[in-house]
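Colleague: A single structure is presented below for examination.
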Amino acid sequence: MVDAGWDEERVLFTPLTLYMEYINLKYDAFLKEKLKDLDLTTGDLTYLINIFYHDKLSQRQLADILYVSEANVAKIVKRLEKKGYIERVPDEANKSRKILNLTQKGKLTTYSLIKITYEWETKITNGFSEEQVSNLKKILYELTQNSADF
């Protein structure tokens with residue numbers, strides 16, 4: 001996909017989504033290599049990190065955040081719970097609702113996963129200034145927000 005010989009016109013003409021897809025494919029391959037000894041998938045990483053960052057998160061809320069079905073969340077949550085990474089506890093305000101929490105094993109694993117994601121970030125932003133990385137993150141955040149409208 002990437003050809004170092006592209007001129008600026010071609011770089012600017014190429015759809016943004018093509019770049020995003022290429023980066024995601026390479027990130028996925030990087031993660032698969034890093035996760036093989038942990039018995040986790042790249043999707044598991046997404047679930048664990050989102051549970052880590054969102055306090056008092058229900059399965060329905062996680063489904064909304066990840067744009068997936070509640071059935072999909074239930075399946076993955078059940079598997080992660082069976083492996084000892086997460087637990088479902090009753091919500092004190094609504095006993096019929098279950099809150100997703102990381103277990104101690106889940107927290108330690110998620111810290112390692114976050115470290116792995118920062119390792120990737122450092123590799124792909126090599127040569128960028130802190131300001132460039134900050135600006136890129138702000139732009140990506142805005143793109144994420146804009147994409148939520150579709």
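Labels for the structure tokens follow display order: chains A, B, ..., residues from 1 in each chain, ligands from 1.
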Extract, using only C-alpha atoms, all DNA, RNA and protein residues at most 8 Å from A:Gln104, discarding same-chain residues fewer than 3 positions from it, and format them as a PyMOL selection string.
Modeller: chain A and resi 85+107-108
Colleague: Which one of A:Asn50, A:Thr42, A:Asn94, A:Thr17 sits closest to A:Phe30 if you count only C-alpha atoms?
Modeller: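 Closest candidate: A:Thr42.
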Colleague: Excluding A:Met20 and any residue of its chain fewer than 5 positions from it, enumerate the residues within 12 Å of it, using only C-alpha atoms, and give them as a list in words.
Modeller: Met1, Thr14, Pro15, Leu25, Lys26, Tyr27, Leu140, Leu143 and Thr144 of chain A
Colleague: Using only C-alpha atoms, which residues sit within 9 Å of A:Ser58 once same-chain residues fewer than 2 positions away are excluded, as a list in words?
Modeller: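 My reading of the contact set: Lys56, Arg60, Gln61, Leu62, Ala63, Arg88, Asp91, Arg97, Lys98, Ile99 and Leu100 of chain A.
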Colleague: Could you write out that same residue set with C-alpha atoms as a PDB file, in the first residue's frame?
Modeller:
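Ended up saving to part-v8.pdb:
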```pdb
ATOM      1  CA  LYS A  56     -19.687   1.796  36.311  1.00  0.00           C
ATOM      2  CA  ARG A  60     -25.540  -2.063  27.136  1.00  0.00           C
ATOM      3  CA  GLN A  61     -23.330   1.012  27.542  1.00  0.00           C
ATOM      4  CA  LEU A  62     -20.297  -0.927  26.324  1.00  0.00           C
ATOM      5  CA  ALA A  63     -22.271  -2.038  23.259  1.00  0.00           C
ATOM      6  CA  ARG A  88     -20.249  -8.538  36.606  1.00  0.00           C
ATOM      7  CA  ASP A  91     -25.461  -1.952  40.272  1.00  0.00           C
ATOM      8  CA  ARG A  97     -28.374  -3.999  35.998  1.00  0.00           C
ATOM      9  CA  LYS A  98     -24.873  -5.487  36.067  1.00  0.00           C
ATOM     10  CA  ILE A  99     -21.755  -3.337  36.122  1.00  0.00           C
ATOM     11  CA  LEU A 100     -18.587  -4.563  34.436  1.00  0.00           C
TER      12      LEU A 100
END
```
Colleague: Interatomic distance between atom CA of A:Ile114 and atom CA of A:Asp44?
Modeller: 12.4 Å
Colleague: Please determine, counting only C-alpha atoms, which residue among A:Thr117, A:Thr125, A:Gln59, A:Ser96 has the shortest atom-to-atom distance to A:Tyr47.
Modeller: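 Nearest candidate to A:Tyr47 out of A:Thr117, A:Thr125, A:Gln59, A:Ser96: A:Gln59.
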Colleague: If you run DSSP over the backbone, which residues in stretch 37-115 of chain A end up strand (DSSP E)? Put them as a ChimeraX atom specification.
Modeller: /A:57-58,86-90,98-102
Colleague: Please return, as a ChimeraX atom specification, all residues of stretch 19-136 of chain A that DSSP assigns to helix (DSSP H, G or I) on the basis of the backbone.
Modeller: /A:19-38,42-53,59-66,70-82,104-124,130-136
Colleague: Give me, as a list in words, all polymer residues having an atom no more than 10 Å from A:Ile116, counting only C-alpha atoms and skipping those fewer than 5 positions away in the same chain.
Modeller: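 Result of the neighbour search: Phe30, Leu31, Lys34, Leu35, Thr110, Tyr111, Glu121 and Thr122 of chain A.
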Colleague: Generate the output file for the selected residues, C-alpha atoms, as a CSV table (one decimal), in the first residue's frame.
Modeller:
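Result file out_3.csv:
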```csv
chain,number,residue,atom,x,y,z
A,30,PHE,CA,1.4,-6.1,15.8
A,31,LEU,CA,-1.2,-6.9,18.5
A,34,LYS,CA,2.1,-9.3,21.3
A,35,LEU,CA,-1.1,-11.0,22.5
A,110,THR,CA,-5.0,-4.1,31.0
A,111,TYR,CA,-2.0,-2.1,32.2
A,121,GLU,CA,2.0,4.6,19.1
A,122,THR,CA,5.7,5.4,19.8
```
